[in-house]
Structures are given as C-alpha cells and as structure tokens.
file entry.cif (mmCIF, C-alpha atoms and all ligand atoms)
data_data
#
loop_
_atom_site.label_atom_id
_atom_site.label_comp_id
_atom_site.auth_asym_id
_atom_site.auth_seq_id
_atom_site.Cartn_x
_atom_site.Cartn_y
_atom_site.Cartn_z
CA MET A 1 20.37 5.77 -21.11
CA GLU A 2 20.94 2.05 -21.34
CA ILE A 3 21.22 1.81 -17.56
CA VAL A 4 17.97 3.71 -17.11
CA ARG A 5 16.23 1.44 -19.63
CA LEU A 6 17.49 -1.74 -17.96
CA LEU A 7 16.48 -0.53 -14.51
CA ASN A 8 13.08 0.29 -15.97
CA THR A 9 12.75 -3.29 -17.24
CA ALA A 10 13.70 -4.57 -13.78
CA ALA A 11 11.07 -2.32 -12.16
CA CYS A 12 8.36 -3.31 -14.63
CA ILE A 13 8.78 -7.01 -13.90
CA ALA A 14 9.01 -6.30 -10.15
CA SER A 15 5.65 -4.51 -10.18
CA ARG A 16 3.89 -7.76 -11.17
CA ALA A 17 4.20 -8.88 -7.55
CA ALA A 18 2.23 -6.01 -5.95
CA GLY A 19 0.22 -7.53 -3.14
CA ASP A 20 2.16 -10.81 -3.17
CA VAL A 21 5.47 -9.86 -1.55
CA GLU A 22 4.66 -7.44 1.28
CA PRO A 23 6.04 -6.80 3.88
CA ASN A 24 9.04 -7.42 1.59
CA PRO A 25 9.75 -4.93 -1.21
CA MET A 26 8.94 -5.51 -4.86
CA VAL A 27 12.34 -6.06 -6.52
CA GLY A 28 13.35 -6.83 -10.11
CA CYS A 29 16.71 -7.83 -11.60
CA VAL A 30 18.12 -8.04 -15.15
CA LEU A 31 21.45 -9.74 -16.00
CA VAL A 32 23.24 -8.32 -19.03
CA ARG A 33 26.57 -9.04 -20.76
CA ASP A 34 27.86 -7.24 -23.85
CA GLY A 35 24.43 -5.67 -24.39
CA VAL A 36 22.66 -9.03 -24.35
CA THR A 37 20.06 -9.83 -21.70
CA LEU A 38 21.02 -13.20 -20.19
CA GLY A 39 18.27 -13.52 -17.60
CA LEU A 40 15.66 -11.61 -15.66
CA GLY A 41 13.63 -12.21 -12.56
CA HIS A 42 11.65 -10.65 -9.75
CA HIS A 43 10.72 -11.42 -6.16
CA ARG A 44 7.39 -13.14 -6.76
CA ARG A 45 6.00 -14.01 -3.37
CA TYR A 46 6.84 -13.40 0.27
CA GLY A 47 9.28 -16.10 1.42
CA ASP A 48 10.23 -17.14 -2.13
CA LEU A 49 13.48 -16.51 -4.03
CA HIS A 50 14.69 -12.93 -4.21
CA ALA A 51 14.95 -11.15 -7.56
CA GLU A 52 18.71 -11.77 -8.01
CA ARG A 53 18.36 -15.54 -7.49
CA GLU A 54 15.32 -15.60 -9.77
CA ALA A 55 17.31 -13.82 -12.49
CA LEU A 56 20.28 -16.19 -12.08
CA ALA A 57 17.95 -19.22 -12.30
CA ASN A 58 16.29 -17.73 -15.37
CA CYS A 59 19.70 -17.11 -16.93
CA ARG A 60 20.74 -20.74 -16.44
CA ARG A 61 17.38 -22.06 -17.69
CA ARG A 62 18.03 -20.16 -20.91
CA GLY A 63 21.37 -21.95 -21.19
CA ASN A 64 23.39 -18.82 -20.38
CA ASP A 65 26.40 -18.51 -18.09
CA PRO A 66 26.06 -15.46 -15.77
CA ARG A 67 29.84 -15.08 -15.35
CA GLY A 68 31.07 -11.63 -16.32
CA SER A 69 27.56 -10.15 -16.43
CA THR A 70 26.21 -6.95 -14.85
CA ALA A 71 23.18 -7.21 -12.56
CA PHE A 72 20.73 -4.30 -12.80
CA VAL A 73 18.56 -4.47 -9.71
CA THR A 74 15.97 -2.08 -8.27
CA LEU A 75 17.13 -2.45 -4.63
CA GLU A 76 20.58 -2.99 -3.11
CA PRO A 77 21.15 -6.77 -2.90
CA CYS A 78 20.56 -8.13 0.60
CA CYS A 79 23.40 -9.59 2.64
CA HIS A 80 21.58 -11.45 5.42
CA HIS A 81 20.04 -14.83 6.08
CA GLY A 82 16.27 -14.38 6.28
CA LYS A 83 13.74 -16.67 4.65
CA GLN A 84 16.29 -16.86 1.83
CA PRO A 85 20.10 -16.85 1.92
CA PRO A 86 21.91 -13.57 1.05
CA CYS A 87 21.68 -12.38 -2.56
CA THR A 88 25.25 -11.09 -2.27
CA GLU A 89 26.41 -14.74 -1.91
CA ALA A 90 24.50 -15.77 -5.02
CA LEU A 91 25.92 -12.90 -7.11
CA ILE A 92 29.49 -13.52 -5.92
CA GLY A 93 29.15 -17.29 -6.43
CA ALA A 94 27.78 -16.82 -9.96
CA GLY A 95 30.72 -14.65 -11.02
CA VAL A 96 28.67 -11.51 -11.68
CA GLU A 97 31.15 -8.76 -12.51
CA ARG A 98 29.28 -5.56 -11.63
CA VAL A 99 26.06 -4.50 -9.88
CA VAL A 100 23.96 -1.40 -10.58
CA TYR A 101 21.12 -0.73 -8.14
CA ALA A 102 18.46 1.97 -7.92
CA ARG A 103 18.11 2.36 -4.18
CA PRO A 104 19.98 1.54 -0.97
CA ASP A 105 18.25 -0.94 1.37
CA PRO A 106 17.57 0.96 4.63
CA HIS A 107 16.76 -2.19 6.63
CA ALA A 108 19.19 -2.75 9.51
CA ALA A 109 19.41 -6.49 8.83
CA SER A 110 19.35 -6.76 5.04
CA GLY A 111 21.06 -3.45 4.09
CA GLY A 112 24.78 -3.06 3.43
CA GLY A 113 24.98 -5.54 0.55
CA ALA A 114 26.78 -3.04 -1.69
CA GLU A 115 29.69 -2.87 0.75
CA VAL A 116 29.87 -6.67 0.96
CA LEU A 117 30.00 -6.88 -2.83
CA GLN A 118 32.65 -4.15 -3.08
CA GLN A 119 34.76 -6.02 -0.52
CA ALA A 120 34.45 -9.12 -2.71
CA GLY A 121 35.83 -7.08 -5.63
CA ILE A 122 32.51 -6.48 -7.41
CA PRO A 123 31.97 -2.79 -8.26
CA CYS A 124 28.56 -1.57 -7.08
CA GLU A 125 26.94 1.58 -8.39
CA LEU A 126 23.90 3.42 -7.17
CA CYS A 127 21.89 4.92 -10.03
CA ALA A 128 18.68 6.68 -9.04
CA ASP A 129 17.96 8.07 -12.50
CA ASN A 130 14.91 5.91 -13.15
CA PRO A 131 11.96 7.10 -11.05
CA LEU A 132 10.04 3.82 -11.42
CA ALA A 133 13.00 1.69 -10.33
CA THR A 134 13.88 4.07 -7.51
CA HIS A 135 10.39 4.32 -6.11
CA ILE A 136 8.98 0.84 -6.58
CA SER A 137 10.22 -0.02 -3.10
CA ASP A 138 8.66 3.10 -1.50
CA PRO A 139 6.12 1.24 0.71
CA PHE A 140 8.91 -0.96 2.11
CA VAL A 141 11.28 1.98 2.65
CA LYS A 142 8.57 4.08 4.30
CA ARG A 143 7.64 1.32 6.71
CA VAL A 144 11.27 0.53 7.61
CA THR A 145 12.28 4.16 8.10
CA THR A 146 9.12 5.57 9.76
CA GLY A 147 7.11 2.63 11.14
CA LEU A 148 4.14 3.82 9.07
CA PRO A 149 2.36 2.04 6.23
CA TRP A 150 1.98 3.28 2.65
CA VAL A 151 -1.36 5.09 2.44
CA ILE A 152 -3.42 5.04 -0.75
CA ALA A 153 -6.48 7.30 -0.85
CA LYS A 154 -9.20 6.35 -3.27
CA TRP A 155 -12.41 8.14 -3.96
CA ALA A 156 -15.04 8.60 -6.65
CA GLN A 157 -16.46 11.99 -7.54
CA THR A 158 -18.41 13.82 -10.19
CA ALA A 159 -16.57 16.17 -12.51
CA GLY A 160 -18.02 19.01 -10.42
CA GLY A 161 -16.34 17.66 -7.28
CA SER A 162 -19.17 15.89 -5.41
CA LEU A 163 -18.33 12.72 -3.48
CA THR A 164 -21.91 11.89 -2.59
CA THR A 165 -25.08 11.06 -4.47
CA PRO A 166 -28.51 12.49 -3.56
CA GLU A 167 -30.30 10.55 -0.82
CA GLY A 168 -32.22 7.56 -2.11
CA GLU A 169 -30.00 7.20 -5.20
CA SER A 170 -27.38 4.52 -5.80
CA PRO A 171 -24.23 5.24 -3.76
CA TRP A 172 -22.10 4.46 -6.86
CA ILE A 173 -20.96 7.57 -8.68
CA THR A 174 -18.74 5.89 -11.24
CA ASN A 175 -19.18 3.17 -13.86
CA ALA A 176 -18.46 -0.58 -13.76
CA LEU A 177 -14.96 -0.16 -15.26
CA SER A 178 -13.95 2.15 -12.41
CA LEU A 179 -15.46 -0.23 -9.84
CA THR A 180 -13.43 -3.11 -11.26
CA ARG A 181 -10.23 -1.07 -10.81
CA VAL A 182 -11.18 -0.37 -7.20
CA HIS A 183 -11.78 -4.06 -6.49
CA ARG A 184 -8.34 -4.85 -7.96
CA LEU A 185 -6.77 -2.35 -5.56
CA ARG A 186 -8.66 -3.88 -2.65
CA ALA A 187 -7.27 -7.30 -3.60
CA ARG A 188 -3.67 -6.24 -2.96
CA VAL A 189 -3.68 -4.06 0.17
CA ASP A 190 -3.33 -5.11 3.82
CA ALA A 191 -6.05 -2.86 5.22
CA ILE A 192 -8.99 -0.81 4.01
CA VAL A 193 -9.88 2.13 6.25
CA THR A 194 -13.31 3.73 6.29
CA GLY A 195 -15.16 6.11 8.62
CA ILE A 196 -18.33 5.57 10.58
CA GLY A 197 -20.00 8.27 8.42
CA THR A 198 -19.57 6.04 5.37
CA VAL A 199 -20.75 2.91 7.17
CA LEU A 200 -23.92 4.62 8.39
CA ALA A 201 -24.64 6.16 4.97
CA ASP A 202 -23.75 3.30 2.60
CA ASP A 203 -23.34 0.10 4.67
CA PRO A 204 -20.40 -1.03 2.45
CA LEU A 205 -18.83 -4.50 2.45
CA LEU A 206 -15.36 -3.35 1.27
CA THR A 207 -14.24 -6.79 0.09
CA ALA A 208 -12.52 -7.53 -3.23
CA ARG A 209 -15.06 -9.06 -5.58
CA GLY A 210 -14.95 -10.10 -9.24
CA VAL A 211 -11.15 -10.05 -9.48
CA ARG A 212 -9.14 -12.85 -11.04
CA ARG A 213 -6.95 -13.39 -7.98
CA VAL A 214 -7.28 -11.92 -4.51
CA ARG A 215 -3.62 -11.47 -3.58
CA ARG A 216 -4.33 -10.70 0.06
CA VAL A 217 -7.53 -10.37 2.05
CA ALA A 218 -7.57 -6.87 3.54
CA ARG A 219 -8.45 -6.26 7.15
CA ARG A 220 -11.32 -3.74 7.17
CA VAL A 221 -10.94 -0.88 9.62
CA VAL A 222 -13.70 1.49 10.78
CA VAL A 223 -12.77 4.78 12.48
CA GLU A 224 -15.37 6.24 14.83
CA GLY A 225 -15.50 8.91 17.52
CA ARG A 226 -17.56 6.82 19.95
CA VAL A 227 -19.22 3.40 19.93
CA LYS A 228 -21.59 3.55 16.98
CA LEU A 229 -20.95 0.71 14.55
CA PRO A 230 -24.25 -1.16 14.20
CA THR A 231 -23.85 -4.88 14.88
CA GLU A 232 -26.16 -5.63 11.95
CA CYS A 233 -24.09 -3.70 9.35
CA LYS A 234 -22.46 -5.70 6.54
CA LEU A 235 -18.94 -5.10 7.86
CA ALA A 236 -19.72 -6.48 11.32
CA GLN A 237 -21.68 -9.39 9.90
CA SER A 238 -18.90 -10.38 7.49
CA ALA A 239 -16.05 -9.78 9.95
CA MET A 240 -14.77 -13.36 9.72
CA ASP A 241 -13.71 -12.59 6.15
CA GLY A 242 -10.30 -11.06 6.90
CA GLY A 243 -11.30 -9.37 10.15
CA VAL A 244 -12.82 -6.01 11.09
CA VAL A 245 -11.12 -3.58 13.46
CA VAL A 246 -13.12 -0.77 15.05
CA VAL A 247 -10.82 2.09 16.07
CA ARG A 248 -11.83 4.74 18.62
CA PRO A 249 -10.00 7.53 20.41
CA ALA A 250 -8.94 6.60 23.93
CA ASP A 251 -10.65 9.71 25.31
CA VAL A 252 -14.08 8.18 24.62
CA ALA A 253 -15.85 7.83 27.96
CA GLY A 254 -15.12 4.49 29.52
CA HIS A 255 -12.56 3.60 26.89
CA ALA A 256 -9.31 4.90 28.34
CA PRO A 257 -6.52 2.35 27.96
CA GLU A 258 -6.64 -0.27 30.73
CA LYS A 259 -4.00 -0.20 33.48
CA SER A 260 -3.67 -3.96 33.53
CA PRO A 261 -2.13 -5.29 30.28
CA GLU A 262 -4.18 -8.48 30.63
CA ARG A 263 -7.46 -6.57 30.85
CA GLN A 264 -6.39 -4.34 27.95
CA ARG A 265 -5.71 -7.48 25.93
CA ARG A 266 -9.19 -8.80 26.71
CA VAL A 267 -10.83 -5.45 25.88
CA ASP A 268 -8.92 -5.32 22.60
CA ALA A 269 -10.05 -8.84 21.80
CA GLY A 270 -13.63 -7.84 22.52
CA ALA A 271 -13.68 -10.25 25.43
CA CYS A 272 -14.79 -7.65 27.94
CA ALA A 273 -16.33 -4.22 27.94
CA HIS A 274 -16.09 -1.47 30.46
CA ARG A 275 -19.67 -1.56 31.72
CA ALA A 276 -22.35 -4.23 31.59
CA ASP A 277 -24.50 -2.04 29.28
CA ASP A 278 -21.56 -1.05 27.09
CA PRO A 279 -22.47 -1.41 23.39
CA ALA A 280 -18.84 -2.38 22.82
CA LEU A 281 -19.69 -5.62 24.59
CA THR A 282 -22.26 -6.59 21.97
CA LEU A 283 -19.91 -5.60 19.16
CA GLY A 284 -16.98 -7.42 20.74
CA ALA A 285 -19.02 -10.61 20.91
CA LEU A 286 -19.23 -10.75 17.11
CA PRO A 287 -16.67 -13.18 15.67
CA GLY A 288 -13.89 -11.44 13.80
CA VAL A 289 -14.54 -7.97 15.26
CA GLU A 290 -11.71 -6.39 17.25
CA GLN A 291 -11.89 -3.05 19.04
CA LEU A 292 -8.89 -0.84 19.34
CA CYS A 293 -8.46 2.27 21.47
CA VAL A 294 -5.73 4.58 20.21
CA PRO A 295 -4.66 8.01 21.42
CA GLY A 296 -6.94 10.83 20.36
CA SER A 297 -8.88 13.77 21.66
CA GLY A 298 -12.20 15.51 21.13
CA GLY A 299 -13.66 12.34 19.63
CA ARG A 300 -10.95 12.28 16.96
CA VAL A 301 -8.56 9.41 16.49
CA ASP A 302 -4.86 10.32 16.25
CA LEU A 303 -4.31 9.00 12.75
CA VAL A 304 -0.54 8.55 13.06
CA ALA A 305 -1.04 6.49 16.23
CA MET A 306 -3.68 4.42 14.44
CA LEU A 307 -1.42 3.73 11.46
CA ARG A 308 1.43 2.72 13.79
CA GLN A 309 -0.89 0.29 15.55
CA LEU A 310 -1.93 -1.21 12.22
CA VAL A 311 1.74 -1.87 11.44
CA GLU A 312 2.66 -3.21 14.86
CA ARG A 313 -0.40 -5.37 15.50
CA TYR A 314 -1.32 -6.53 12.02
CA ASP A 315 1.91 -6.31 10.02
CA THR A 316 0.35 -3.76 7.66
CA THR A 317 2.45 -2.38 4.80
CA THR A 318 -0.29 -0.90 2.57
CA VAL A 319 -3.50 0.85 3.60
CA MET A 320 -6.28 2.02 1.31
CA LEU A 321 -8.66 4.77 2.44
CA GLU A 322 -12.24 4.30 1.29
CA CYS A 323 -13.90 6.85 3.53
CA GLY A 324 -15.97 9.99 3.26
CA PRO A 325 -14.73 13.58 2.95
CA MET A 326 -14.31 14.12 6.70
CA LEU A 327 -11.77 11.39 7.32
CA LEU A 328 -10.12 11.83 3.91
CA GLU A 329 -9.49 15.49 4.64
CA ALA A 330 -8.06 14.63 8.07
CA PHE A 331 -5.57 12.22 6.45
CA PHE A 332 -4.55 14.82 3.87
CA GLU A 333 -4.23 17.55 6.50
CA ALA A 334 -1.93 15.31 8.52
CA GLY A 335 0.21 14.77 5.38
CA LEU A 336 -0.30 11.01 5.60
CA VAL A 337 -1.39 10.23 2.03
CA ASP A 338 1.23 8.78 -0.34
CA GLU A 339 -0.79 7.77 -3.36
CA VAL A 340 -4.19 8.76 -4.73
CA PHE A 341 -6.63 7.19 -7.16
CA VAL A 342 -9.56 9.43 -8.07
CA TYR A 343 -12.35 8.15 -10.30
CA VAL A 344 -14.16 11.06 -11.90
CA ALA A 345 -17.56 10.56 -13.49
CA PRO A 346 -19.37 13.01 -15.77
CA ASP A 347 -21.60 15.51 -13.96
CA VAL A 348 -25.24 14.68 -13.26
CA ASP A 349 -26.20 16.53 -16.42
CA LYS A 350 -23.94 13.98 -18.20
CA GLN A 351 -21.63 16.70 -19.45
CA PRO A 352 -18.56 14.75 -20.48
CA HIS A 353 -15.44 15.07 -18.43
CA ARG A 354 -13.38 17.82 -20.03
CA ASP A 355 -10.73 19.71 -18.19
CA GLY A 356 -9.14 17.68 -15.45
CA LEU A 357 -9.87 17.08 -11.79
CA ARG A 358 -12.02 19.89 -10.42
CA GLY A 359 -13.84 20.85 -7.29
CA GLU A 360 -12.77 20.85 -3.65
CA PRO A 361 -11.22 17.33 -3.56
CA ALA A 362 -8.71 18.42 -6.21
CA GLY A 363 -7.23 20.71 -3.55
CA TRP A 364 -6.57 17.79 -1.21
CA VAL A 365 -4.13 16.29 -3.66
CA GLY A 366 -1.93 19.38 -3.23
CA SER A 367 1.51 18.91 -4.70
CA LEU A 368 1.40 15.13 -5.14
CA PRO A 369 2.74 14.52 -8.66
CA LEU A 370 0.22 13.29 -11.25
CA VAL A 371 1.50 10.00 -12.66
CA ARG A 372 -1.18 9.23 -15.23
CA THR A 373 -4.76 9.76 -16.34
CA LYS A 374 -6.65 6.86 -17.87
CA PRO A 375 -10.04 6.97 -19.58
CA LEU A 376 -12.43 4.31 -18.30
CA GLY A 377 -15.47 4.65 -20.56
CA ASP A 378 -17.14 7.94 -19.52
CA ASP A 379 -15.00 8.08 -16.36
CA VAL A 380 -11.38 9.11 -15.92
CA GLU A 381 -8.92 7.64 -13.42
CA TYR A 382 -6.37 10.08 -11.94
CA TRP A 383 -3.30 8.54 -10.34
CA PHE A 384 -1.07 10.67 -8.10
CA ARG A 385 1.96 9.41 -6.19
CA ARG A 386 4.47 10.88 -3.77
CA LEU A 387 8.14 10.44 -4.64
CA TYR A 388 9.15 9.13 -1.26
CA ASN A 389 12.49 10.07 0.23
CA ARG A 390 14.28 10.56 -3.09
CA PRO A 391 17.79 9.26 -2.42
CA HIS A 392 20.90 11.19 -3.35
CA ASN A 393 21.74 10.36 -6.91
CA ARG A 394 25.33 9.44 -7.43
CA PRO A 395 25.63 7.58 -10.69
CA GLN A 396 29.18 6.46 -11.37
CA VAL A 397 28.73 5.39 -14.95
N1 LIG A 401 -17.32 9.13 -3.29
C1 LIG A 401 -16.63 8.33 -2.52
O1 LIG A 401 -15.61 7.79 -2.95
C2 LIG A 401 -17.09 8.07 -1.12
C3 LIG A 401 -16.43 7.12 -0.33
C4 LIG A 401 -16.87 6.91 0.97
C5 LIG A 401 -17.96 7.65 1.43
N2 LIG A 401 -18.59 8.56 0.64
C6 LIG A 401 -19.73 9.32 1.12
O2 LIG A 401 -19.29 10.12 2.20
C7 LIG A 401 -20.38 10.31 3.10
C8 LIG A 401 -19.90 10.12 4.51
O3 LIG A 401 -18.87 11.03 4.74
P1 LIG A 401 -18.35 11.44 6.18
O4 LIG A 401 -17.30 12.47 5.95
O5 LIG A 401 -19.51 11.74 7.04
O6 LIG A 401 -17.80 10.06 6.72
P2 LIG A 401 -16.37 9.41 7.01
O7 LIG A 401 -15.29 10.36 6.63
O8 LIG A 401 -16.37 8.08 6.38
O9 LIG A 401 -16.41 9.25 8.60
C9 LIG A 401 -16.27 10.37 9.42
C10 LIG A 401 -16.32 9.97 10.89
O10 LIG A 401 -15.08 9.41 11.28
C11 LIG A 401 -14.93 9.57 12.69
N3 LIG A 401 -13.58 10.03 13.03
C12 LIG A 401 -12.85 9.55 14.09
N4 LIG A 401 -11.66 10.12 14.11
C13 LIG A 401 -11.61 10.99 13.09
C14 LIG A 401 -10.61 11.89 12.64
N5 LIG A 401 -9.40 11.97 13.21
N6 LIG A 401 -10.91 12.67 11.60
C15 LIG A 401 -12.11 12.59 10.98
N7 LIG A 401 -13.11 11.73 11.36
C16 LIG A 401 -12.85 10.94 12.41
C17 LIG A 401 -15.97 10.55 13.14
O11 LIG A 401 -16.93 9.74 13.78
P3 LIG A 401 -17.95 10.25 14.91
O12 LIG A 401 -19.07 10.84 14.16
O13 LIG A 401 -18.25 9.02 15.67
O14 LIG A 401 -17.17 11.27 15.72
C18 LIG A 401 -16.50 11.12 11.84
O15 LIG A 401 -17.84 11.51 11.91
C19 LIG A 401 -21.48 9.37 2.67
O16 LIG A 401 -22.49 10.09 2.03
C20 LIG A 401 -20.82 8.44 1.68
O17 LIG A 401 -21.68 8.04 0.66
C21 LIG A 401 -18.17 8.78 -0.62
#
call {"tool": "encode", "arguments": {"input": "entry.cif", "output": "structure tokens"}}
result
Amino acid sequence: MEIVRLLNTAACIASRAAGDVEPNPMVGCVLVRDGVTLGLGHHRRYGDLHAEREALANCRRRGNDPRGSTAFVTLEPCCHHGKQPPCTEALIGAGVERVVYARPDPHAASGGGAEVLQQAGIPCELCADNPLATHISDPFVKRVTTGLPWVIAKWAQTAGGSLTTPEGESPWITNALSLTRVHRLRARVDAIVTGIGTVLADDPLLTARGVRRVRRVARRVVVEGRVKLPTECKLAQSAMDGGVVVVRPADVAGHAPEKSPERQRRVDAGACAHRADDPALTLGALPGVEQLCVPGSGGRVDLVAMLRQLVERYDTTTVMLECGPMLLEAFFEAGLVDEVFVYVAPDVDKQPHRDGLRGEPAGWVGSLPLVRTKPLGDDVEYWFRRLYNRPHNRPQV
C-alpha cells in the first residue's frame, strides 16, 4: 500500500507539468528512507531537469542526504544523454539504494535504465499497481509505440443529447464555468482539430482565452472534403496565432499529391495551387495558413494518416477534437479517441441534470472508463480515459 501511495504522490506532482513537457512524458519522483520523504520532484519543462534530478536537488535543498534512499518514480529512469544527462547516472552517483517505477520506458534511446541500474547493483522493481502513476505517461508511450498522438475529444451537449443549438441562438450550450475548463484544455494541447461543418456554422476562433498561463499555443486544424474554408473566417484571419492547417483528402480533384517533392513542398506551403482559379491559391496566400493533402477517399480524410502527419510535420503529442458530430463520430468509429471531456448542460426546459450522460453521444464513449464527474454550476463535466497499453504487472515487493 505504501508503494502505491508513494507512486501516487509522484504522479500527482508530475501532472502539474501537463502542456509544459511534451513531447517528453510527465514524470514524478519521490525519495524515501525509513518511511521519511527526503525529497520530491517532477519534470517541469521540456529540456529542463528530469524528475529524478529534481527530486535529488530538492532532497539536498532540504538538507537531506539521499544515500540509502528508495526512489519511487512514475517512469523507468532514462539512461541516455539527451537534453539532460542520464538519470541512472544521477541515481547511482547519489547512492540511491533501490528504485521502484510504474512503467517501462519504451523509447529506443532512453529505455533500458532499469537494466543499467541493476548492473550497478541497485535493485529495480516495476510496480504497475497505481493506475495514475502507470498511465500518466500514456501520451508519450502512445506516440513512441504507434507514431500517433493522444486524442482528446471534447464536446458540449444538453442533457437530452443535443450538440447543437437552434439556428439564430448562441452557439454556446454550456455555462461560463464549463467554457473556462475548455479554454484551459486548449492552453495545453499541441493541436485543436475541427471540421468544416463547425467552421461554417459557428466561425470559431479556437484559441485559449482567459487562462492564467497558456502553456502551448495549439495549431488549429480544419478537416474538409474539398476546398471550402472561407478566407474571411476567424480561423483563417487569425492564422498567424499558432498556425492553421487545412487538411483535405488527396482524392479531391486537382489535389492529388505532387510527383515532384519540390512542387509538393510549395503546394503544402500554400505557395502554389493546381490551377490559376484554384480557391486553394487564395487560401494559401494567407499568412499562417498551410494546406495539407493526406490519403483519403470519397471526400473523407483518412484520419490515421492525418494524425501521423500531425506528429511527423508538427511534432504533435496531444490533439483535442472540437468538431461537430460528423467528424467526432468518424474518430470514435476509427477507435482513435483516448480521452473524452463532455460538458452536459440542463435541457432547454431547464430540467436539472439528473441521471448521467444520455442521448446518442453517450454511445460514442463506448467502453472508455469514466474517471470522474464534476459539477460546474448547472452543468456537469464527464471525464473518460482509456487505460493505454496496461503493462504486465510484476511487483516484487
Ligand atoms: N456541441 C459541441 O461541442 C459542438 C462542437 C462543434 C460543433 N458543433 C456543432 O456541430 C455542427 C456541425 O457539425 P458537422 O458534423 O456538420 O461538422 P464537423 O463534424 O465539424 O465537420 C464535418 C465535415 O468534415 C469533413 N470531413 C472530411 N473528412 C472527414 C471524415 N473522415 N469524417 C467526417 N467528416 C470529414 C466533411 O467536409 P465536407 O463537407 O467538405 O465533405 C464534413 O462535412 C454545428 O451546428 C456546430 O454548432 C457542436
């Protein structure tokens, strides 16, 4: 139980860095000797000290000697020289006596630290008993093992299951508290994906506003079946703020991938269109707008191919979907959604929210485990999350 509690503490402090460390994983570490916590730390920002070095520094700042301690860490300590030297070196050098970690590091370069520590005479134990500690590095593990980003779907709906408001009414279904939560999410993801249906109906901006600290400025991505995005829409007009990518299937007339890589590069950069009257030319001339052709058919983008491109071209680890029912359903059908935030407002007749998520969208969530519900005034936030690639649990304690 003590191990589970300590790994939980490590995971809780690690989670403070969501949006600051990607593409690295969120990692936390607690140093304990004879039941006393000597130091704790987490990886705070991409390029900065790793959790183990943070915890050792914290330990020394408190006037403690880490020798003979046990390090409880959410991810296997790294053993390679990247932006920081190997954590294994720091743990060995500090005289740490034992390491307990919640998940193996699958990265070809940084993984294998447990073996290095064992060879140095430091027993290393994998303990996957704490779900928070085990899964806090899910986005990192998913990207490393599949080449795909972590996909968060977010939508607002009425208790009856409607995602839209009657024409002429405000497009906002939920209250200000729910909107604030959404802006916080926007402020920590790499990309926000919407569909052309949403752009044409609501003309959203999709930036993070009113949050204390924008941890990263998300690239905004619009998925369309053919060239439709109006140049005067808010997304196109604000494209310099983080960039806007317009994604289309390569089967769209005149938009098959170019044979010459140079011409493809220029098309992608919006520098040239396929025909003089091509609307893509006007769109491509807007600063900050990029156009991307990905595989697809029947006017539908291949969503896996699109996600791969977002990783490869833009170093994307986390994606948030803020689209309408059509694209949302396509993502769910393809099994691509890892995490869901649903904001449920009372029905139009203001009947309070009573008995859980209802209506058609509830079916999309399928078997994703419900993590938590949180009242937000009249609204309720539902949070679902996939337990990604649960590793074999072999506690040796
Ligand atoms: N409550 C909420 O949280 C929320 C959020 C966003 C939007 N909305 C509402 O949703 C409505 C719009 O919904 P929508 O379903 O029409 O729009 P959408 O899902 O945002 O966009 C759908 C469009 O995406 C394009 N597309 C390209 N590849 C696709 C693929 N593989 N699968 C599916 N679509 C693909 C198609 O464009 P082409 O037509 O060019 O083929 C399709 O029409 C609006 O009323 C808006 O207010 C609600």
call {"tool": "residues_near_ligand", "arguments": {"input": "entry.cif", "ligand": "ligand LIG 401 (chain A)", "cutoff": "9 Å", "atoms": "all atoms listed in the file", "output": "PyMOL selection string"}}
result
chain A and resi 154-158+162-167+171-174+193-202+204+222-229+247-249+296-303+321-331+342-343
call {"tool": "closest_residue", "arguments": {"input": "entry.cif", "among": "A:Leu148, A:Val289, A:Leu75, A:Ala187", "to": "Pro25 (chain A)", "atoms": "only C-alpha atoms"}}
result
A:Leu75
call {"tool": "residues_around", "arguments": {"input": "entry.cif", "residues": "Met26 (chain A)", "least_positions_apart": "4", "cutoff": "9 Å", "atoms": "only C-alpha atoms", "output": "list in words"}}
result
Ala11, Ala14, Ser15, Arg16, Ala17, Ala18, Asp20, Val21, Glu22, His42, His43, Arg44, Ala51, Thr74, Leu75, Ile136, Ser137 and Phe140 of chain A
call {"tool": "write_last_selection", "arguments": {"input": "entry.cif", "atoms": "C-alpha atoms", "output": "tab-separated table (two decimals), in the coordinates of the input"}}
result
chain	number	residue	atom	x	y	z
A	11	ALA	CA	11.07	-2.32	-12.16
A	14	ALA	CA	9.01	-6.30	-10.15
A	15	SER	CA	5.65	-4.51	-10.18
A	16	ARG	CA	3.89	-7.76	-11.17
A	17	ALA	CA	4.20	-8.88	-7.55
A	18	ALA	CA	2.23	-6.01	-5.95
A	20	ASP	CA	2.16	-10.81	-3.17
A	21	VAL	CA	5.47	-9.86	-1.55
A	22	GLU	CA	4.66	-7.44	1.28
A	42	HIS	CA	11.65	-10.65	-9.75
A	43	HIS	CA	10.72	-11.42	-6.16
A	44	ARG	CA	7.39	-13.14	-6.76
A	51	ALA	CA	14.95	-11.15	-7.56
A	74	THR	CA	15.97	-2.08	-8.27
A	75	LEU	CA	17.13	-2.45	-4.63
A	136	ILE	CA	8.98	0.84	-6.58
A	137	SER	CA	10.22	-0.02	-3.10
A	140	PHE	CA	8.91	-0.96	2.11
call {"tool": "atom_distance", "arguments": {"input": "entry.cif", "atom1": "CA of Leu368 (chain A)", "atom2": "CA of His135 (chain A)"}}
result
14.1 Å
call {"tool": "closest_residue", "arguments": {"input": "entry.cif", "among": "A:Gln309, A:Ser69, A:Thr88, A:Thr146", "to": "Arg53 (chain A)", "atoms": "only C-alpha atoms"}}
result
A:Thr88
call {"tool": "closest_residue", "arguments": {"input": "entry.cif", "among": "A:Arg209, A:Asp129, A:Pro123, A:Gly112", "to": "Arg5 (chain A)", "atoms": "only C-alpha atoms"}}
result
A:Asp129
call {"tool": "atom_distance", "arguments": {"input": "entry.cif", "atom1": "CA of Arg61 (chain A)", "atom2": "CA of Asp105 (chain A)"}}
result
28.5 Å
call {"tool": "closest_residue", "arguments": {"input": "entry.cif", "among": "A:His183, A:Lys234, A:Arg215, A:Lys83", "to": "Asp203 (chain A)", "atoms": "all atoms listed in the file"}}
result
A:Lys234
call {"tool": "residues_around", "arguments": {"input": "entry.cif", "residues": "Ser178 (chain A)", "least_positions_apart": "6", "cutoff": "8 Å", "atoms": "only C-alpha atoms", "output": "count of residues only"}}
result
4
call {"tool": "closest_residue", "arguments": {"input": "entry.cif", "among": "A:Phe341, A:Tyr314, A:Tyr388, A:Phe72", "to": "Val365 (chain A)", "atoms": "all atoms listed in the file"}}
result
A:Phe341
call {"tool": "closest_residue", "arguments": {"input": "entry.cif", "among": "A:Thr317, A:Ser170, A:Asn130, A:Thr70", "to": "Asp34 (chain A)", "atoms": "all atoms listed in the file"}}
result
A:Thr70
